[in-house]
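Pasted below: target_18.tsv, TSV, C-alpha atoms.
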```
chain	number	residue	atom	x	y	z
R	530	MET	CA	-24.23	-4.73	-16.41
R	531	THR	CA	-22.24	-2.00	-18.06
R	532	THR	CA	-19.09	-0.48	-16.60
R	533	GLU	CA	-20.99	2.75	-16.07
R	534	ALA	CA	-23.65	0.98	-14.00
R	535	LEU	CA	-21.14	-0.99	-11.88
R	536	THR	CA	-18.60	1.79	-11.50
R	537	PRO	CA	-20.22	5.14	-12.22
R	538	LEU	CA	-18.35	8.38	-12.76
R	539	TRP	CA	-17.43	10.60	-9.80
R	540	GLU	CA	-16.12	14.16	-9.74
R	541	VAL	CA	-13.20	14.80	-7.41
R	542	PHE	CA	-12.58	17.93	-5.36
R	543	ILE	CA	-9.37	18.47	-3.40
R	544	ARG	CA	-8.57	21.04	-0.73
R	545	PRO	CA	-4.88	21.85	-0.98
R	546	ARG	CA	-4.52	23.38	2.49
R	547	ASN	CA	-6.59	24.25	5.53
R	548	GLY	CA	-8.46	27.51	4.96
R	549	LEU	CA	-8.67	27.09	1.19
R	550	HIS	CA	-11.70	25.69	-0.55
R	551	HIS	CA	-12.06	22.40	-2.39
R	552	ARG	CA	-11.32	22.65	-6.10
R	553	HIS	CA	-12.38	20.36	-8.88
R	554	VAL	CA	-9.38	18.33	-10.09
R	555	GLY	CA	-10.88	15.63	-12.31
R	556	SER	CA	-13.03	12.54	-12.33
R	557	LEU	CA	-12.80	8.77	-11.93
R	558	HIS	CA	-14.84	5.57	-11.92
R	559	ALA	CA	-15.70	3.77	-8.68
R	560	ALA	CA	-18.35	1.43	-7.30
R	561	ASP	CA	-19.35	3.60	-4.35
R	562	SER	CA	-18.30	6.62	-2.33
R	563	ALA	CA	-15.79	4.78	-0.11
R	564	MET	CA	-13.99	3.36	-3.13
R	565	ALA	CA	-14.22	6.69	-4.95
R	566	LEU	CA	-12.44	8.42	-2.05
R	567	GLN	CA	-9.68	5.82	-2.12
R	568	ALA	CA	-9.32	6.06	-5.89
R	569	ALA	CA	-9.22	9.86	-5.62
R	570	ARG	CA	-6.46	9.58	-3.04
R	571	ASP	CA	-4.49	7.24	-5.31
R	572	VAL	CA	-5.02	9.15	-8.55
R	573	TYR	CA	-4.99	12.78	-7.44
R	574	THR	CA	-2.93	13.14	-4.25
R	575	ARG	CA	0.28	11.32	-5.16
R	576	ARG	CA	2.35	14.48	-4.89
R	577	GLY	CA	0.99	16.05	-1.73
R	578	GLU	CA	-1.80	17.91	-3.50
R	579	GLY	CA	-4.19	18.04	-0.58
R	580	ASN	CA	-5.45	17.23	2.88
R	581	SER	CA	-9.13	16.76	2.17
R	582	ILE	CA	-11.13	15.10	-0.61
R	583	TRP	CA	-14.74	15.38	-1.68
R	584	VAL	CA	-16.31	13.10	-4.27
R	585	VAL	CA	-19.72	13.48	-5.81
R	586	ARG	CA	-21.51	11.39	-8.40
R	587	SER	CA	-21.21	13.15	-11.74
R	588	ALA	CA	-24.86	12.27	-12.39
R	589	ASP	CA	-25.84	14.24	-9.29
R	590	ILE	CA	-24.39	17.47	-10.65
R	591	ALA	CA	-26.93	19.71	-12.39
R	592	ALA	CA	-25.06	21.64	-15.07
R	593	SER	CA	-26.00	24.68	-17.10
R	594	ASP	CA	-26.77	24.03	-20.75
R	595	PRO	CA	-23.86	25.12	-23.01
R	596	SER	CA	-26.30	25.93	-25.83
R	597	PHE	CA	-28.05	28.37	-23.48
R	598	ALA	CA	-24.76	30.04	-22.47
R	599	GLU	CA	-25.43	33.33	-24.26
R	600	PRO	CA	-28.73	34.11	-22.55
R	601	MET	CA	-27.23	32.89	-19.28
R	602	PHE	CA	-23.99	34.84	-19.21
R	603	GLU	CA	-23.84	37.58	-21.85
R	604	PRO	CA	-26.28	39.93	-20.08
R	605	ALA	CA	-23.64	40.37	-17.35
R	606	ASP	CA	-20.92	41.38	-19.81
R	607	ASP	CA	-21.91	45.05	-20.15
R	608	LYS	CA	-22.72	45.67	-16.47
R	609	ILE	CA	-19.27	47.05	-15.78
R	610	TYR	CA	-20.62	49.03	-12.83
R	611	ARG	CA	-20.89	45.73	-10.96
R	612	HIS	CA	-17.11	45.63	-10.64
R	613	PRO	CA	-15.64	47.65	-7.75
R	614	THR	CA	-12.95	48.93	-10.11
R	615	PHE	CA	-15.68	50.91	-11.94
R	616	TYR	CA	-15.83	53.40	-9.10
R	617	ASP	CA	-13.38	56.18	-8.34
R	618	ILE	CA	-12.42	56.05	-4.72
R	619	PRO	CA	-11.81	59.48	-3.14
R	620	ASP	CA	-8.19	59.89	-2.03
R	621	GLU	CA	-9.36	60.65	1.51
R	622	VAL	CA	-10.62	57.04	1.85
R	623	GLY	CA	-7.11	55.67	1.59
R	624	HIS	CA	-6.64	51.95	1.25
R	625	MET	CA	-9.82	49.91	1.36
X	780	MET	CA	34.16	-18.02	19.13
X	781	ARG	CA	31.95	-15.08	18.36
X	782	SER	CA	31.39	-12.47	21.02
X	783	ALA	CA	27.87	-11.86	22.28
X	784	ALA	CA	27.80	-8.44	20.61
X	785	THR	CA	28.77	-9.88	17.22
X	786	SER	CA	26.13	-12.58	17.51
X	787	MET	CA	23.49	-9.98	18.39
X	788	GLU	CA	24.49	-7.86	15.42
X	789	ALA	CA	24.22	-10.84	13.10
X	790	ALA	CA	20.78	-11.68	14.48
X	791	GLY	CA	19.64	-8.05	14.23
X	792	PHE	CA	20.87	-7.90	10.63
X	793	ARG	CA	19.06	-11.08	9.70
X	794	ALA	CA	15.85	-10.12	11.54
X	795	ILE	CA	15.69	-6.74	9.81
X	796	LEU	CA	16.51	-8.42	6.50
X	797	GLU	CA	13.37	-10.56	6.91
X	798	LEU	CA	11.24	-7.40	7.10
X	799	ALA	CA	13.11	-5.80	4.20
X	800	ASP	CA	12.72	-8.87	1.98
X	801	ASP	CA	8.98	-9.03	2.74
X	802	GLY	CA	8.65	-5.44	1.56
X	803	LEU	CA	10.84	-5.80	-1.52
X	804	ILE	CA	9.24	-9.00	-2.78
X	805	LEU	CA	5.64	-7.92	-2.20
X	806	GLY	CA	6.46	-4.50	-3.66
X	807	HIS	CA	7.86	-6.22	-6.75
X	808	ARG	CA	4.77	-8.39	-7.09
X	809	LEU	CA	2.57	-5.28	-6.98
X	810	SER	CA	4.79	-3.57	-9.58
X	811	GLU	CA	3.97	-6.43	-11.97
X	812	TRP	CA	0.44	-5.03	-12.16
X	813	CYS	CA	1.69	-1.72	-13.53
X	814	GLY	CA	-0.05	-1.19	-16.86
X	815	HIS	CA	-2.13	-4.38	-16.39
X	816	ALA	CA	-4.56	-3.52	-13.59
X	817	PRO	CA	-8.32	-3.77	-14.23
X	818	THR	CA	-8.77	0.01	-14.21
X	819	LEU	CA	-6.60	3.12	-14.35
X	820	GLU	CA	-7.58	3.96	-10.77
X	821	GLU	CA	-6.46	0.55	-9.52
X	822	ASP	CA	-3.31	0.63	-11.63
X	823	LEU	CA	-2.23	3.68	-9.67
X	824	ALA	CA	-3.39	2.25	-6.34
X	825	LEU	CA	-1.34	-0.93	-6.83
X	826	ALA	CA	1.73	1.01	-7.95
X	827	ASN	CA	1.36	3.35	-4.96
X	828	MET	CA	1.25	0.41	-2.56
X	829	GLY	CA	4.22	-1.21	-4.29
X	830	LEU	CA	6.22	1.99	-3.93
X	831	ASP	CA	5.31	2.24	-0.23
X	832	LEU	CA	6.73	-1.25	0.28
X	833	LEU	CA	9.80	-0.54	-1.82
X	834	GLY	CA	10.47	2.59	0.24
X	835	GLN	CA	10.22	0.59	3.45
X	836	ALA	CA	12.55	-2.06	2.04
X	837	ARG	CA	15.13	0.55	1.01
X	838	ALA	CA	15.26	2.07	4.49
X	839	LEU	CA	15.45	-1.39	6.09
X	840	TYR	CA	18.22	-2.62	3.75
X	841	ALA	CA	20.27	0.51	4.39
X	842	HIS	CA	19.82	0.07	8.13
X	843	ALA	CA	20.57	-3.68	8.02
X	844	GLY	CA	23.68	-3.00	5.94
X	845	ALA	CA	24.90	-0.48	8.52
X	846	ILE	CA	24.32	-2.98	11.34
X	847	GLU	CA	26.14	-5.70	9.42
X	848	GLY	CA	29.09	-3.36	8.94
X	849	LYS	CA	30.51	-5.06	5.85
X	850	GLY	CA	29.88	-2.16	3.52
X	851	ARG	CA	26.92	-3.72	1.71
X	852	SER	CA	24.58	-1.10	0.27
X	853	GLU	CA	20.82	-1.35	-0.09
X	854	ASP	CA	21.34	-2.27	-3.77
X	855	ASP	CA	23.79	-5.03	-2.85
X	856	LEU	CA	21.27	-6.52	-0.47
X	857	ALA	CA	18.24	-6.07	-2.72
X	858	PHE	CA	19.75	-7.22	-6.01
X	859	LEU	CA	22.91	-9.24	-5.48
X	860	ARG	CA	21.95	-12.11	-3.22
X	861	ARG	CA	21.09	-15.63	-4.26
X	862	GLU	CA	17.60	-17.04	-3.90
X	863	ARG	CA	18.45	-19.07	-0.78
X	864	ASP	CA	19.66	-15.88	0.94
X	865	TYR	CA	16.28	-14.15	0.69
X	866	CYS	CA	14.31	-14.66	3.88
X	867	ASN	CA	10.88	-13.24	3.01
X	868	CYS	CA	7.83	-15.24	4.03
X	869	LEU	CA	6.26	-17.35	1.28
X	870	LEU	CA	3.03	-15.32	1.24
X	871	VAL	CA	4.59	-12.18	-0.28
X	872	ALA	CA	6.13	-14.10	-3.20
X	873	ARG	CA	2.90	-15.83	-4.20
X	874	PRO	CA	2.06	-14.98	-7.82
X	875	ASN	CA	-0.45	-12.20	-8.41
X	876	GLY	CA	-3.08	-14.55	-9.79
X	877	ASP	CA	-6.28	-12.66	-10.46
X	878	PHE	CA	-7.22	-9.40	-8.74
X	879	ALA	CA	-8.87	-11.33	-5.89
X	880	VAL	CA	-5.63	-13.19	-5.11
X	881	THR	CA	-3.66	-9.94	-5.11
X	882	MET	CA	-6.14	-8.28	-2.75
X	883	ALA	CA	-6.30	-11.30	-0.43
X	884	ARG	CA	-2.49	-11.36	-0.22
X	885	GLN	CA	-2.42	-7.64	0.53
X	886	LEU	CA	-5.10	-7.98	3.18
X	887	TYR	CA	-3.35	-10.85	4.95
X	888	PHE	CA	-0.01	-9.05	4.93
X	889	SER	CA	-1.15	-5.56	5.88
X	890	ALA	CA	-3.47	-6.88	8.62
X	891	PHE	CA	-0.31	-8.31	10.17
X	892	MET	CA	2.18	-5.55	9.42
X	893	GLU	CA	0.08	-2.58	10.50
X	894	PRO	CA	-0.08	-3.68	14.16
X	895	TYR	CA	3.44	-5.14	13.97
X	896	TRP	CA	4.93	-1.82	12.80
X	897	HIS	CA	2.89	-0.14	15.52
X	898	GLU	CA	4.55	-2.34	18.15
X	899	ILE	CA	7.99	-1.70	16.67
X	900	ALA	CA	7.41	2.06	16.60
X	901	ALA	CA	6.26	2.02	20.21
X	902	HIS	CA	8.72	-0.41	21.77
X	903	SER	CA	11.83	-1.08	19.68
X	904	SER	CA	15.18	-0.46	21.33
X	905	ASP	CA	16.47	0.64	17.90
X	906	GLU	CA	15.57	4.29	17.23
X	907	THR	CA	16.18	4.10	13.48
X	908	LEU	CA	13.96	1.04	13.19
X	909	ALA	CA	11.27	2.72	15.29
X	910	GLY	CA	11.38	5.70	12.92
X	911	ILE	CA	11.00	3.49	9.85
X	912	ALA	CA	8.14	1.70	11.61
X	913	ALA	CA	6.22	4.89	12.44
X	914	LYS	CA	6.13	5.82	8.74
X	915	ALA	CA	5.42	2.28	7.58
X	916	GLU	CA	2.52	1.86	10.01
X	917	LYS	CA	0.57	4.65	8.28
X	918	GLU	CA	1.28	3.19	4.86
X	919	MET	CA	0.11	-0.25	5.93
X	920	ALA	CA	-3.05	1.22	7.46
X	921	TYR	CA	-3.98	2.44	3.99
X	922	HIS	CA	-3.09	-0.89	2.34
X	923	LEU	CA	-5.30	-2.62	4.89
X	924	ARG	CA	-8.22	-0.31	4.28
X	925	HIS	CA	-7.90	-0.52	0.50
X	926	SER	CA	-7.50	-4.30	0.29
X	927	GLY	CA	-10.16	-4.84	2.97
X	928	GLU	CA	-12.74	-2.78	1.09
X	929	TRP	CA	-12.01	-4.70	-2.11
X	930	VAL	CA	-12.22	-8.10	-0.42
X	931	ILE	CA	-15.59	-7.13	1.06
X	932	ARG	CA	-16.93	-5.91	-2.28
X	933	LEU	CA	-15.67	-8.91	-4.23
X	934	GLY	CA	-16.76	-11.44	-1.60
X	935	ASP	CA	-20.16	-9.81	-1.26
X	936	GLY	CA	-20.43	-9.01	-4.98
X	937	THR	CA	-21.49	-11.07	-7.98
X	938	ASP	CA	-21.50	-14.87	-8.10
X	939	GLU	CA	-18.26	-14.80	-10.05
X	940	SER	CA	-16.46	-12.31	-7.81
X	941	ALA	CA	-17.56	-14.19	-4.69
X	942	ALA	CA	-16.31	-17.50	-6.11
X	943	ARG	CA	-12.98	-15.97	-7.11
X	944	MET	CA	-12.56	-14.27	-3.74
X	945	GLN	CA	-13.25	-17.50	-1.86
X	946	ALA	CA	-10.82	-19.34	-4.17
X	947	ALA	CA	-8.15	-16.74	-3.40
X	948	ILE	CA	-8.66	-17.19	0.33
X	949	ASP	CA	-8.61	-20.97	-0.06
X	950	GLU	CA	-5.29	-20.73	-1.91
X	951	LEU	CA	-3.51	-18.23	0.33
X	952	HIS	CA	-4.73	-18.88	3.86
X	953	ARG	CA	-2.19	-21.69	4.36
X	954	TYR	CA	0.63	-19.15	3.90
X	955	THR	CA	-0.47	-16.83	6.71
X	956	GLY	CA	0.80	-18.92	9.65
X	957	GLU	CA	4.41	-18.24	8.67
X	958	MET	CA	4.05	-14.56	9.52
X	959	PHE	CA	3.61	-15.50	13.18
X	960	LEU	CA	6.61	-17.85	13.37
X	961	ALA	CA	9.79	-16.38	14.79
X	962	SER	CA	13.02	-17.51	13.14
X	963	PRO	CA	16.10	-18.03	15.37
X	964	ALA	CA	17.31	-14.54	14.40
X	965	ARG	CA	13.91	-13.05	15.16
X	966	LEU	CA	13.88	-14.78	18.56
X	967	GLU	CA	17.22	-13.16	19.41
X	968	ALA	CA	15.96	-9.80	18.20
X	969	ILE	CA	12.85	-10.23	20.35
X	970	ALA	CA	14.95	-11.09	23.40
X	971	ALA	CA	17.09	-7.99	22.78
X	972	GLY	CA	14.05	-5.71	22.50
X	973	LEU	CA	14.73	-4.91	18.84
X	974	LEU	CA	11.51	-6.46	17.53
X	975	PRO	CA	8.23	-7.56	19.14
X	976	ASP	CA	7.09	-11.17	19.15
X	977	PRO	CA	4.78	-11.67	16.14
X	978	GLU	CA	2.39	-13.43	18.52
X	979	THR	CA	1.62	-10.07	20.15
X	980	VAL	CA	-0.36	-9.03	17.06
X	981	ARG	CA	-2.17	-12.31	16.47
X	982	ALA	CA	-5.34	-11.17	18.24
X	983	ALA	CA	-5.45	-7.97	16.15
X	984	TRP	CA	-4.87	-9.94	12.95
X	985	ASP	CA	-7.54	-12.51	13.83
X	986	GLN	CA	-10.01	-9.76	14.59
X	987	THR	CA	-9.33	-7.86	11.35
X	988	ILE	CA	-9.61	-10.96	9.19
X	989	ALA	CA	-12.78	-12.12	10.97
X	990	MET	CA	-14.36	-8.68	10.53
X	991	VAL	CA	-13.56	-8.48	6.82
X	992	PHE	CA	-14.54	-12.08	6.07
X	993	SER	CA	-17.80	-11.67	7.93
X	994	ALA	CA	-18.68	-8.55	5.92
X	995	ALA	CA	-17.50	-10.28	2.73
X	996	ASP	CA	-19.40	-13.49	3.51
X	997	LEU	CA	-16.20	-15.52	3.10
X	998	THR	CA	-15.36	-18.75	4.90
X	999	VAL	CA	-11.98	-19.28	6.53
X	1000	PRO	CA	-10.61	-22.47	5.03
X	1001	ASP	CA	-9.44	-25.34	7.17
X	1002	VAL	CA	-5.63	-25.34	6.92
X	1003	ARG	CA	-4.19	-28.76	7.63
X	1004	VAL	CA	-0.61	-28.12	6.51
X	1005	PRO	CA	0.62	-24.54	6.92
X	1006	GLN	CA	3.22	-23.60	4.32
X	1007	THR	CA	6.53	-22.37	5.72
X	1008	GLY	CA	10.19	-22.24	4.74
X	1009	GLY	CA	10.65	-18.75	3.36
X	1010	ARG	CA	12.49	-17.47	6.42
X	1011	GLU	CA	15.11	-20.19	5.87
X	1012	GLY	CA	15.37	-19.35	2.18
X	1013	LEU	CA	13.27	-22.29	0.98
X	1014	HIS	CA	11.04	-20.66	-1.59
X	1015	GLY	CA	8.56	-21.89	-4.15
X	1016	GLU	CA	9.47	-22.25	-7.80
X	1017	ASP	CA	7.98	-18.84	-8.59
X	1018	MET	CA	10.67	-17.09	-6.55
X	1019	GLY	CA	13.42	-17.81	-9.08
X	1020	HIS	CA	11.41	-16.26	-11.89
X	1021	LEU	CA	10.62	-13.26	-9.71
X	1022	LEU	CA	14.29	-12.72	-8.85
X	1023	ALA	CA	15.37	-13.16	-12.47
X	1024	GLU	CA	13.29	-10.13	-13.38
X	1025	LEU	CA	14.03	-8.21	-10.17
X	1026	GLN	CA	17.79	-8.66	-10.47
X	1027	PHE	CA	18.21	-8.48	-14.23
X	1028	MET	CA	19.49	-4.91	-14.48
X	1029	GLN	CA	22.08	-5.21	-11.71
X	1030	ARG	CA	23.24	-8.59	-12.98
X	1031	ALA	CA	23.51	-7.47	-16.59
X	1032	TYR	CA	24.92	-4.02	-15.85
X	1033	PRO	CA	26.71	-4.26	-12.48
X	1034	GLY	CA	26.81	-1.01	-10.53
X	1035	GLN	CA	24.22	0.61	-12.79
X	1036	THR	CA	22.60	3.67	-11.22
X	1037	TRP	CA	19.82	6.00	-12.32
```
Please express the file's structure as structure tokens.
Amino acid sequence: MTTEALTPLWEVFIRPRNGLHHRHVGSLHAADSAMALQAARDVYTRRGEGNSIWVVRSADIAASDPSFAEPMFEPADDKIYRHPTFYDIPDEVGHM
Amino acid sequence: MRSAATSMEAAGFRAILELADDGLILGHRLSEWCGHAPTLEEDLALANMGLDLLGQARALYAHAGAIEGKGRSEDDLAFLRRERDYCNCLLVARPNGDFAVTMARQLYFSAFMEPYWHEIAAHSSDETLAGIAAKAEKEMAYHLRHSGEWVIRLGDGTDESAARMQAAIDELHRYTGEMFLASPARLEAIAAGLLPDPETVRAAWDQTIAMVFSAADLTVPDVRVPQTGGREGLHGEDMGHLLAELQFMQRAYPGQTW
């Protein structure tokens, strides 16, 4: 069997502190989820980076197609009215 | 004639030195994997575990040196003793072998030390030692989990991994009995409440090993002649080679710091 079949790729997400969300930090190879969590601990939390780890098989992530990025994302570029900063807030409102 | 207090200090020093030497020598063995492990992930895992053990050894040497009261530093104790003066058990100095041997060694040791540190943290009359133990217990809990998971996967893996894992167990099991033997210094330390009797954690060790071996489909070998001698400084021929590398810098450049 190939390395990829025996130890597939996993994506690693770390939560730095309570109240924050998990962020993607990198990937690694491991045989299963238990070993992936241990490898993530050993590779990505050596300097106190977090208090919670998620791992997910890279193959289980559905990703957008880079070659379809323009139709996917460019239509949003000119919709500046979708940003709150587009609007003038009356002085009477004060801090929002 | 030595006073009772002096004798107790000498026994305490020696008993703590046994724990420190176990940590230093096993930590050094794990450091030999650095850059050579099967995968990047495991390279870091082995180095992490080695550094845990080195950290424990440093704290223990410093504490032992203070108890001894002769001004010996942690470096003096770690690097400037002769082979016969090291009192680690034989298990920790066993060569790395293949990955299965390294994981079996780590399982055997951490399955003993996790509950043993727990007992020290809970009951030792020595507050400094109890503090070192509380930190070390958590580190050993991880070593136990990591090595246990590997032993299960290798034992219950392919034909080759299962054969290698069983061979590792067959080779190392005879060295495990020494962990439960109390040297004269350890017996004094036990009587003084400094350290627990190793026998108090035998049931926990037996249970851990039985659980892992059952999941890994491994057979406990029949040990006719347990290997002992490390506590008295009688080491195998590999120990000299290990110390030659471990001590090289301090021997070649005395007093070197970094």
- Message: Just to confirm, what's the straight-line distance from atom CA of Gly936 of chain X to atom CA of Ala995 of chain X in Å (one decimal)?
- Response: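 Taking atom CA of Gly936 of chain X as the start and atom CA of Ala995 of chain X as the end point, the length is 8.3 Å.
Contacts from chain R to chain X at a cut-off of 7 Å (only C-alpha atoms) map to Ala568, Asp571 and Val572 of chain R.
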- Item | Among the residues R:Ala534, R:Ile543, R:Ile609, R:Leu549, the one that comes closest to Ala569 of chain R [using all atoms listed in the file] |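 Selected residue with least distance to Ala569 of chain R: R:Ile543.
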- Once you count all atoms listed in the file, which residues end up no further than 12 Å from (23.0, 1.4, 5.7) in the file's frame, shown as a list in words?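 Within the cut-off we find Phe792, Ile795, Leu796, Ala836, Arg837, Ala838, Leu839, Tyr840, Ala841, His842, Ala843, Gly844, Ala845, Ile846, Glu847, Gly848, Lys849, Gly850, Arg851, Ser852, Glu853, Asp854, Asp855, Leu856, Thr907 and Leu908 of chain X.
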- With a distance cut-off of 12 Å and all atoms listed in the file, select the neighbouring residues of Ile590 of chain R, excluding the residue or stretch itself and same-chain residues fewer than 2 positions from it, and output the selection as a PyMOL selection string. chain R and resi 538-541+584-588+592-593
Just to be explicit: take each residue in the selection above, keep C-alpha atoms, and write the result as a PDB file, in the frame of the given file.
```pdb
ATOM      1  CA  LEU R 538     -18.350   8.380 -12.760  1.00  0.00           C
ATOM      2  CA  TRP R 539     -17.430  10.600  -9.800  1.00  0.00           C
ATOM      3  CA  GLU R 540     -16.120  14.160  -9.740  1.00  0.00           C
ATOM      4  CA  VAL R 541     -13.200  14.800  -7.410  1.00  0.00           C
ATOM      5  CA  VAL R 584     -16.310  13.100  -4.270  1.00  0.00           C
ATOM      6  CA  VAL R 585     -19.720  13.480  -5.810  1.00  0.00           C
ATOM      7  CA  ARG R 586     -21.510  11.390  -8.400  1.00  0.00           C
ATOM      8  CA  SER R 587     -21.210  13.150 -11.740  1.00  0.00           C
ATOM      9  CA  ALA R 588     -24.860  12.270 -12.390  1.00  0.00           C
ATOM     10  CA  ALA R 592     -25.060  21.640 -15.070  1.00  0.00           C
ATOM     11  CA  SER R 593     -26.000  24.680 -17.100  1.00  0.00           C
TER      12      SER R 593
END
```
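The shortest atom-to-atom distance to Thr979 of chain X, with all atoms listed in the file taken into account, belongs to X:Phe959 out of X:Tyr865, X:Phe888, X:Phe959, X:Tyr954.
Atom CA of Ala565 of chain R sits 19.7 Å away from atom CA of Ala591 of chain R.
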- Query: What does the distance from atom CA of Leu833 of chain X to atom CA of Ala947 of chain X come to in Å, to one decimal?
  - Reply: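 Rounded to one decimal, the two atoms are 24.2 Å apart.
Closest to Gly927 of chain X among R:Arg552, R:His612, R:Leu535, R:Met564 is R:Met564, based on all atoms listed in the file.
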- Task: Compile the contact shell of segment 915-919 of chain X as a PyMOL selection string: residues with an atom at most 9 Å away, counting only C-alpha atoms, same-chain residues fewer than 4 positions apart removed.
- Result: chain X and resi 828+831-832+834-835+888-890+892-897+900+910-911+923-924
- Could you check which of X:Ala790, X:Leu1013, X:Leu933, X:Met1028 is closest to Asp864 of chain X, using all atoms listed in the file?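 Once distances to Asp864 of chain X are computed over all atoms listed in the file, the minimum belongs to X:Leu1013.
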- Query: Hey, what's within 9 Å of Ser903 of chain X if we count all atoms listed in the file and toss same-chain stuff fewer than 4 positions away? As a list in words, please?
  - Reply: Glu898, Ile899, Leu908, Ala909, Gly972, Leu973, Leu974 and Pro975 of chain X
Those same residues - C-alpha atoms - I'd like them written as an mmCIF file, in the coordinates of the input.
```cif
data_model
loop_
_atom_site.group_PDB
_atom_site.id
_atom_site.type_symbol
_atom_site.label_atom_id
_atom_site.label_comp_id
_atom_site.auth_asym_id
_atom_site.auth_seq_id
_atom_site.Cartn_x
_atom_site.Cartn_y
_atom_site.Cartn_z
ATOM 1 C CA GLU X 898 4.550 -2.340 18.150
ATOM 2 C CA ILE X 899 7.990 -1.700 16.670
ATOM 3 C CA LEU X 908 13.960 1.040 13.190
ATOM 4 C CA ALA X 909 11.270 2.720 15.290
ATOM 5 C CA GLY X 972 14.050 -5.710 22.500
ATOM 6 C CA LEU X 973 14.730 -4.910 18.840
ATOM 7 C CA LEU X 974 11.510 -6.460 17.530
ATOM 8 C CA PRO X 975 8.230 -7.560 19.140
#
```
Would you save segment 586-597 of chain R from the block above with N, CA and C atoms, as an mmCIF file, in the first residue's frame?
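What ended up in out21.cif:
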```cif
data_model
loop_
_atom_site.group_PDB
_atom_site.id
_atom_site.type_symbol
_atom_site.label_atom_id
_atom_site.label_comp_id
_atom_site.auth_asym_id
_atom_site.auth_seq_id
_atom_site.Cartn_x
_atom_site.Cartn_y
_atom_site.Cartn_z
ATOM 1 N N ARG R 586 -9.936 14.725 7.847
ATOM 2 C CA ARG R 586 -9.288 14.176 6.656
ATOM 3 C C ARG R 586 -9.336 15.202 5.537
ATOM 4 N N SER R 587 -8.180 15.465 4.938
ATOM 5 C CA SER R 587 -8.117 16.435 3.842
ATOM 6 C C SER R 587 -9.074 16.037 2.724
ATOM 7 N N ALA R 588 -9.186 14.710 2.501
ATOM 8 C CA ALA R 588 -10.056 14.231 1.425
ATOM 9 C C ALA R 588 -11.523 14.525 1.693
ATOM 10 N N ASP R 589 -11.867 14.775 2.963
ATOM 11 C CA ASP R 589 -13.254 15.053 3.309
ATOM 12 C C ASP R 589 -13.625 16.521 3.177
ATOM 13 N N ILE R 590 -12.630 17.350 2.828
ATOM 14 C CA ILE R 590 -12.920 18.771 2.649
ATOM 15 C C ILE R 590 -13.290 19.011 1.187
ATOM 16 N N ALA R 591 -14.466 19.583 0.964
ATOM 17 C CA ALA R 591 -14.861 19.992 -0.385
ATOM 18 C C ALA R 591 -14.371 21.414 -0.583
ATOM 19 N N ALA R 592 -13.565 21.632 -1.616
ATOM 20 C CA ALA R 592 -12.961 22.948 -1.813
ATOM 21 C C ALA R 592 -13.466 23.583 -3.093
ATOM 22 N N SER R 593 -13.527 24.897 -3.096
ATOM 23 C CA SER R 593 -13.934 25.603 -4.314
ATOM 24 C C SER R 593 -12.836 25.475 -5.371
ATOM 25 N N ASP R 594 -13.236 25.518 -6.608
ATOM 26 C CA ASP R 594 -12.318 25.314 -7.726
ATOM 27 C C ASP R 594 -11.587 26.624 -8.035
ATOM 28 N N PRO R 595 -10.240 26.643 -7.907
ATOM 29 C CA PRO R 595 -9.505 27.887 -8.156
ATOM 30 C C PRO R 595 -9.766 28.452 -9.563
ATOM 31 N N SER R 596 -9.978 27.575 -10.539
ATOM 32 C CA SER R 596 -10.180 28.060 -11.902
ATOM 33 C C SER R 596 -11.563 28.707 -12.065
ATOM 34 N N PHE R 597 -12.424 28.512 -11.062
ATOM 35 C CA PHE R 597 -13.759 29.115 -11.106
ATOM 36 C C PHE R 597 -13.846 30.285 -10.120
#
```
